[in-house]
file model_28.pdb (PDB, C-alpha atoms)
ATOM      1  CA  LYS A   1      93.200  84.190  82.705
ATOM      2  CA  PHE A   2      92.988  81.092  80.543
ATOM      3  CA  ASN A   3      90.309  78.524  81.310
ATOM      4  CA  LYS A   4      92.158  75.369  80.320
ATOM      5  CA  ASP A   5      95.294  75.598  82.438
ATOM      6  CA  LYS A   6      94.314  78.567  84.691
ATOM      7  CA  SER A   7      97.441  80.507  83.651
ATOM      8  CA  SER A   8      97.142  84.289  83.359
ATOM      9  CA  THR A   9      98.836  87.415  82.081
ATOM     10  CA  ASP A  10      98.645  91.043  83.192
ATOM     11  CA  SER A  11      98.668  92.434  79.634
ATOM     12  CA  PHE A  12      97.673  91.440  76.115
ATOM     13  CA  HIS A  13      99.284  94.465  74.429
ATOM     14  CA  GLY A  14     101.017  92.249  71.841
ATOM     15  CA  VAL A  15      97.819  90.511  70.764
ATOM     16  CA  ALA A  16      95.853  91.604  67.687
ATOM     17  CA  LYS A  17      92.798  93.618  68.746
ATOM     18  CA  CYS A  18      90.938  92.923  65.509
ATOM     19  CA  TRP A  19      91.382  91.103  62.216
ATOM     20  CA  LEU A  20      89.477  90.449  59.028
ATOM     21  CA  ARG A  21      89.780  88.108  56.046
ATOM     22  CA  PHE A  22      87.523  88.846  53.086
ATOM     23  CA  ASP A  23      86.861  88.084  49.421
ATOM     24  CA  ALA A  24      86.443  91.298  47.413
ATOM     25  CA  THR A  25      85.440  89.547  44.167
ATOM     26  CA  THR A  26      81.858  89.254  45.446
ATOM     27  CA  ASN A  27      79.386  92.079  45.829
ATOM     28  CA  PRO A  28      79.143  92.856  48.709
ATOM     29  CA  PRO A  29      82.503  91.477  49.912
ATOM     30  CA  THR A  30      82.294  88.046  51.557
ATOM     31  CA  ILE A  31      83.588  88.000  55.135
ATOM     32  CA  LEU A  32      85.571  84.788  55.598
ATOM     33  CA  GLY A  33      86.858  85.331  59.135
ATOM     34  CA  TYR A  34      86.878  88.161  61.654
ATOM     35  CA  HIS A  35      87.409  89.313  65.219
ATOM     36  CA  ASN A  36      86.166  92.645  66.627
ATOM     37  CA  ILE A  37      85.017  93.829  63.193
ATOM     38  CA  SER A  38      81.478  95.183  62.858
ATOM     39  CA  GLY A  39      81.441  95.615  59.085
ATOM     40  CA  ILE A  40      83.068  96.203  55.720
ATOM     41  CA  HIS A  41      81.703  98.507  53.036
ATOM     42  CA  LYS A  42      82.882  98.460  49.422
ATOM     43  CA  GLU A  43      83.270 102.069  48.262
ATOM     44  CA  ASP A  44      84.644 101.297  44.778
ATOM     45  CA  THR A  45      86.921  98.791  43.041
ATOM     46  CA  GLY A  46      89.744  98.022  45.478
ATOM     47  CA  LYS A  47      88.494 100.558  48.035
ATOM     48  CA  PHE A  48      86.871  99.438  51.290
ATOM     49  CA  HIS A  49      85.905 100.916  54.636
ATOM     50  CA  ILE A  50      86.403  98.598  57.616
ATOM     51  CA  THR A  51      84.508  99.373  60.829
ATOM     52  CA  PHE A  52      85.658  98.059  64.208
ATOM     53  CA  THR A  53      83.491  96.848  67.056
ATOM     54  CA  SER A  54      82.848  99.811  69.364
ATOM     55  CA  GLY A  55      85.478 100.562  72.029
ATOM     56  CA  ILE A  56      88.361  98.543  70.562
ATOM     57  CA  PHE A  57      90.927 101.350  70.247
ATOM     58  CA  ASN A  58      91.787 104.355  72.403
ATOM     59  CA  ASP A  59      92.560 106.576  69.385
ATOM     60  CA  SER A  60      93.868 106.448  65.814
ATOM     61  CA  ASN A  61      97.428 105.526  66.860
ATOM     62  CA  TRP A  62      97.067 101.808  66.217
ATOM     63  CA  VAL A  63      99.163  99.693  63.848
ATOM     64  CA  GLY A  64      97.499  98.047  60.858
ATOM     65  CA  VAL A  65      98.875  95.338  58.588
ATOM     66  CA  GLY A  66      97.273  94.405  55.283
ATOM     67  CA  HIS A  67      97.752  91.773  52.611
ATOM     68  CA  THR A  68      96.133  90.929  49.281
ATOM     69  CA  ASN A  69      96.932  88.470  46.512
ATOM     70  CA  ALA A  70      95.664  91.027  43.927
ATOM     71  CA  GLN A  71      94.111  88.233  41.871
ATOM     72  CA  SER A  72      90.559  87.125  41.154
ATOM     73  CA  ASP A  73      91.268  83.570  42.340
ATOM     74  CA  ASP A  74      92.834  82.042  45.442
ATOM     75  CA  ASP A  75      95.631  80.043  43.809
ATOM     76  CA  PRO A  76      97.949  79.416  46.788
ATOM     77  CA  ALA A  77     101.024  79.273  44.566
ATOM     78  CA  ASP A  78     100.747  82.737  43.017
ATOM     79  CA  PHE A  79      99.984  86.422  43.557
ATOM     80  CA  ASP A  80     100.384  89.681  41.654
ATOM     81  CA  ILE A  81     102.774  92.356  42.884
ATOM     82  CA  ASN A  82     100.620  94.809  44.817
ATOM     83  CA  SER A  83     100.258  97.393  47.539
ATOM     84  CA  VAL A  84      97.795  97.648  50.383
ATOM     85  CA  GLY A  85      97.094 101.069  51.816
ATOM     86  CA  ILE A  86      95.501 101.405  55.256
ATOM     87  CA  VAL A  87      94.485 105.044  55.518
ATOM     88  CA  ALA A  88      91.839 107.331  57.029
ATOM     89  CA  ARG A  89      92.465 105.751  60.431
ATOM     90  CA  SER A  90      90.313 106.471  63.435
ATOM     91  CA  GLY A  91      89.411 104.693  66.647
ATOM     92  CA  VAL A  92      86.353 103.247  64.919
ATOM     93  CA  GLY A  93      87.687 102.133  61.520
ATOM     94  CA  CYS A  94      89.856 102.691  58.474
ATOM     95  CA  THR A  95      89.977 102.479  54.710
ATOM     96  CA  PHE A  96      91.703  99.497  53.079
ATOM     97  CA  PHE A  97      92.897 100.056  49.482
ATOM     98  CA  THR A  98      94.347  97.387  47.167
ATOM     99  CA  LYS A  99      96.388  98.261  44.057
ATOM    100  CA  LYS A 100      98.278  96.170  41.546
ATOM    101  CA  ASP A 101     101.817  97.108  40.524
ATOM    102  CA  THR A 102     100.228  98.699  37.413
ATOM    103  CA  ASN A 103      98.723 101.374  39.743
ATOM    104  CA  THR A 104      95.157 100.115  39.188
ATOM    105  CA  TYR A 105      92.794  99.262  42.021
ATOM    106  CA  VAL A 106      91.782  95.606  42.213
ATOM    107  CA  ASP A 107      89.079  93.516  43.888
ATOM    108  CA  ALA A 108      91.122  90.540  45.056
ATOM    109  CA  LYS A 109      90.002  87.114  46.206
ATOM    110  CA  VAL A 110      92.330  87.044  49.228
ATOM    111  CA  ASN A 111      92.494  90.063  51.579
ATOM    112  CA  ASP A 112      93.754  90.110  55.159
ATOM    113  CA  PHE A 113      93.735  92.923  57.722
ATOM    114  CA  VAL A 114      95.139  92.868  61.277
ATOM    115  CA  ALA A 115      95.332  95.735  63.794
ATOM    116  CA  TYR A 116      97.222  96.169  67.050
ATOM    117  CA  GLY A 117      96.753  99.033  69.494
ATOM    118  CA  LEU A 118      95.739 100.202  72.929
ATOM    119  CA  GLU A 119      92.171  99.920  74.110
ATOM    120  CA  PRO A 120      90.569 102.772  76.057
ATOM    121  CA  GLY A 121      92.038 103.134  79.535
ATOM    122  CA  SER A 122      95.248 101.178  78.905
ATOM    123  CA  GLU A 123      98.857 102.362  78.767
ATOM    124  CA  SER A 124     101.761 100.979  76.778
ATOM    125  CA  GLY A 125     104.412 101.024  79.438
ATOM    126  CA  ILE A 126     107.265 102.978  80.888
ATOM    127  CA  PRO A 127     109.711 104.308  79.876
ATOM    128  CA  THR A 128     108.629 105.956  76.637
ATOM    129  CA  PRO A 129     110.944 104.967  73.733
ATOM    130  CA  THR A 130     113.478 107.561  72.571
ATOM    131  CA  SER A 131     113.517 109.002  69.081
ATOM    132  CA  THR A 132     116.749 110.409  67.604
ATOM    133  CA  THR A 133     118.105 111.712  64.302
ATOM    134  CA  ALA A 134     121.586 111.264  62.849
ATOM    135  CA  VAL A 135     122.619 114.558  61.257
TER     136      VAL A 135
END
call {"tool": "encode", "arguments": {"input": "model_28.pdb", "output": "C-alpha cells"}}
result
Amino acid sequence: KFNKDKSSTDSFHGVAKCWLRFDATTNPPTILGYHNISGIHKEDTGKFHITFTSGIFNDSNWVGVGHTNAQSDDDPADFDINSVGIVARSGVGCTFFTKKDTNTYVDAKVNDFVAYGLEPGSESGIPTPTSTTAV
C-alpha cells in the first residue's frame, strides 16, 4: 500500500529486491547508492563479493544484472568494452567480476548491480512456463 495516494498492489514480484552502485577505484570500494545490500568486499582487482541484507531471497534462483564502464573515471560520454560476471550466487550474496575486452580484470569508477527474485515464502505464479526444444 502506498502512503501518498493509498493505492495498493498484491505483488511486487517485478520490483528489484536489491541494488548497488559503487566506485571500485577506491580502496575499499565506495558505496554510492544501495538498497537491501549489507556489504561489498574487494577480493582482488575487478573481483568483488556483494552481500545482501538477510532474508531477501528464497534461494539462489534470482536474476542479477550488472554494468560497469571499465574506466578509472566517470566520463558520461565514454566506456570501454567490457563484461560483468555475476557468479557464485546464493540467497545471501554473489561475486561481481569486471573485465575489459582485453580479458584483464579492472577496477572501474562506475559499477551497477541489480537483482530480482522471490523472497522467502512467496511464489511466482501459476501456471509454470513451458520449456521446449526444436530438434
call {"tool": "atom_distance", "arguments": {"input": "model_28.pdb", "atom1": "CA of Asp44 (chain A)", "atom2": "CA of Gly117 (chain A)"}}
result
27.6 Å
call {"tool": "atom_distance", "arguments": {"input": "model_28.pdb", "atom1": "CA of Val87 (chain A)", "atom2": "CA of Thr128 (chain A)"}}
result
25.4 Å
call {"tool": "atom_distance", "arguments": {"input": "model_28.pdb", "atom1": "CA of Thr130 (chain A)", "atom2": "CA of Ile56 (chain A)"}}
result
26.8 Å
call {"tool": "residues_around", "arguments": {"input": "model_28.pdb", "residues": "Phe22 (chain A)", "least_positions_apart": "4", "cutoff": "7 Å", "atoms": "only C-alpha atoms", "output": "number ranges by chain"}}
result
A: 29-32, 110-112
call {"tool": "write_last_selection", "arguments": {"input": "model_28.pdb", "atoms": "C-alpha atoms", "output": "PDB file, in the frame of the given file"}}
result
ATOM      1  CA  PRO A  29      82.503  91.477  49.912  1.00  0.00           C
ATOM      2  CA  THR A  30      82.294  88.046  51.557  1.00  0.00           C
ATOM      3  CA  ILE A  31      83.588  88.000  55.135  1.00  0.00           C
ATOM      4  CA  LEU A  32      85.571  84.788  55.598  1.00  0.00           C
ATOM      5  CA  VAL A 110      92.330  87.044  49.228  1.00  0.00           C
ATOM      6  CA  ASN A 111      92.494  90.063  51.579  1.00  0.00           C
ATOM      7  CA  ASP A 112      93.754  90.110  55.159  1.00  0.00           C
TER       8      ASP A 112
END
call {"tool": "residues_around", "arguments": {"input": "model_28.pdb", "residues": "Gly64 (chain A)", "least_positions_apart": "4", "cutoff": "10 Å", "atoms": "only C-alpha atoms", "output": "list in words"}}
result
Ala16, Cys18, Trp19, Gly85, Ile86, Val87, Arg89, Cys94, Phe96, Phe113, Val114, Ala115, Tyr116 and Gly117 of chain A
call {"tool": "resolve_selection", "arguments": {"input": "model_28.pdb", "expression": "the PyMOL selection byres ((chain A and resi 28) around 9)", "output": "list of chain:residue names"}}
result
A:Ala24, A:Thr25, A:Thr26, A:Asn27, A:Pro29, A:Thr30, A:Ile40, A:His41, A:Lys42
call {"tool": "residues_around", "arguments": {"input": "model_28.pdb", "residues": "Gly46 (chain A)", "least_positions_apart": "2", "cutoff": "9 Å", "atoms": "all atoms listed in the file", "output": "JSON, numbers by chain"}}
result
{"A": [24, 42, 43, 44, 48, 96, 97, 98, 99, 104, 105, 106, 107, 108]}
call {"tool": "closest_residue", "arguments": {"input": "model_28.pdb", "among": "A:Asn103, A:Thr95, A:Thr132, A:Ser60", "to": "Gly39 (chain A)", "atoms": "only C-alpha atoms"}}
result
A:Thr95
call {"tool": "closest_residue", "arguments": {"input": "model_28.pdb", "among": "A:Asp101, A:Ser7, A:Thr133, A:Gly33", "to": "Gln71 (chain A)", "atoms": "only C-alpha atoms"}}
result
A:Asp101
call {"tool": "closest_residue", "arguments": {"input": "model_28.pdb", "among": "A:Ser83, A:Thr53, A:Ser131, A:Asn36", "to": "Val65 (chain A)", "atoms": "all atoms listed in the file"}}
result
A:Ser83
call {"tool": "axis_aligned_box", "arguments": {"input": "model_28.pdb", "around": "region 51-54 of chain A", "padding_each_side": "4 Å", "output": "AutoDock Vina command-line options"}}
result
--center_x 84.3 --center_y 98.3 --center_z 65.1 --size_x 10.8 --size_y 11.0 --size_z 16.5
call {"tool": "closest_residue", "arguments": {"input": "model_28.pdb", "among": "A:Asn82, A:Ser54, A:Thr102, A:Ser72", "to": "Glu119 (chain A)", "atoms": "only C-alpha atoms"}}
result
A:Ser54
call {"tool": "resolve_selection", "arguments": {"input": "model_28.pdb", "expression": "the PyMOL selection byres ((chain A and resi 90) around 9)", "output": "ChimeraX atom specification"}}
result
/A:57,59-62,88-89,91-94
call {"tool": "residues_around", "arguments": {"input": "model_28.pdb", "residues": "Phe79 (chain A)", "least_positions_apart": "3", "cutoff": "8 Å", "atoms": "only C-alpha atoms", "output": "VMD selection string"}}
result
chain A and resid 69 to 71 75 to 76
call {"tool": "resolve_selection", "arguments": {"input": "model_28.pdb", "expression": "the PyMOL selection byres ((chain A and resi 120) around 7)", "output": "count of residues only"}}
result
7
